[in-house]
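Enquirer: Below is one structure. I have some questions about it.
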Amino acid sequence: SQAQYAGVFKELEDAKAALQLVADDYEDKIDALEDRLFEMDSQFEQQTARLQAKADTRLRDELKGLRKQLKSEFESRMVREKAELEVETERILQQKDNQIELKIEEAKAVVESKFQKEKFELVNNGPKEVIQLLEDRTEKMRYANQKLELALAEAERRIKE
């Protein structure tokens with residue numbers, strides 16, 4: 001039975017050695033898998049960094065394009081609004097010109113009416129009165145001309161504003 005015991009012990013030792021070989025093999029496989037996992041994680045980090053860099057570049061390019069588009073749209077809008085303002089300003093200036101011209105024409109009509117009235121009085125009055133009326137009329141015409149010149153200067157000033 002010692003021989004049996006030695007045989008069983010030998011079998012146990014052989015089984016233990018075989019199990020140790022299997023355990024060593026699994027440990028090597030685990031180490032290899034851990035190394036592979038670390039390598040894959042490193043590759044993933046690198047790929048993520050590359051993808052992030054590409055995404056950042058694409059985003060910067062898109063933002064640059066949007067910035068250009070917005071600037072272009074803004075400039076176009078400013079050109080349109082400036083043109084509209086110029087048209088409106090021209091319309092207002094023309095309207096003011098027309099009003100001033102109308103007032104000047106009205107003032108001329110008043111002066112002409114007074115002139116015709118004085119002419120009638122001159123024809124119907126005597127020589128002394130004619131001279132006085134002519135002098136009065138000349139003075140009134142000077143005054144009317146001054147008023148017209150002032151109105152014209154005022155109109156030109158308003159137009160320039």
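By order of appearance in the structure tokens: chains A, B, ..., then residues from 1 within every chain, and ligands from 1 in the order shown.
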Env of Ala155 in chain A: 10 Å cut, atoms = only C-alpha atoms, seq-sep filter 5 positions within chain, self excluded. Answer as a list in words.
Expert: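 Neighbouring residues, sequence-local ones excluded: Lys96, Asp97, Gln99, Ile100, Glu101, Ile104, Glu149, Leu150, Lys160 and Glu161 of chain A.
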Enquirer: Using only C-alpha atoms, which protein or nucleic acid residues come within 12 Å of Asn145 in chain A? Drop anything in the same chain fewer than 5 positions from it, and give the result as a PyMOL selection string.
Expert: chain A and resi 104+107-108+110-112+137-140+150-152
Enquirer: Quick one: residues within 9 Å of Arg158 in chain A, only C-alpha atoms counted, chain neighbours fewer than 4 positions away excluded, as a PyMOL selection string?
Expert: chain A and resi 93+96+153-154
Enquirer: Just write the chosen residues, C-alpha atoms, as a short mmCIF file (atom, residue, chain, number, x, y, z; two decimals), in the first residue's frame.
Expert:
data_model
loop_
_atom_site.label_atom_id
_atom_site.label_comp_id
_atom_site.auth_asym_id
_atom_site.auth_seq_id
_atom_site.Cartn_x
_atom_site.Cartn_y
_atom_site.Cartn_z
CA LEU A 93 -36.60 116.81 -50.30
CA LYS A 96 -40.15 120.31 -49.50
CA ALA A 153 -32.12 131.22 -48.83
CA GLU A 154 -34.20 129.55 -46.12
#
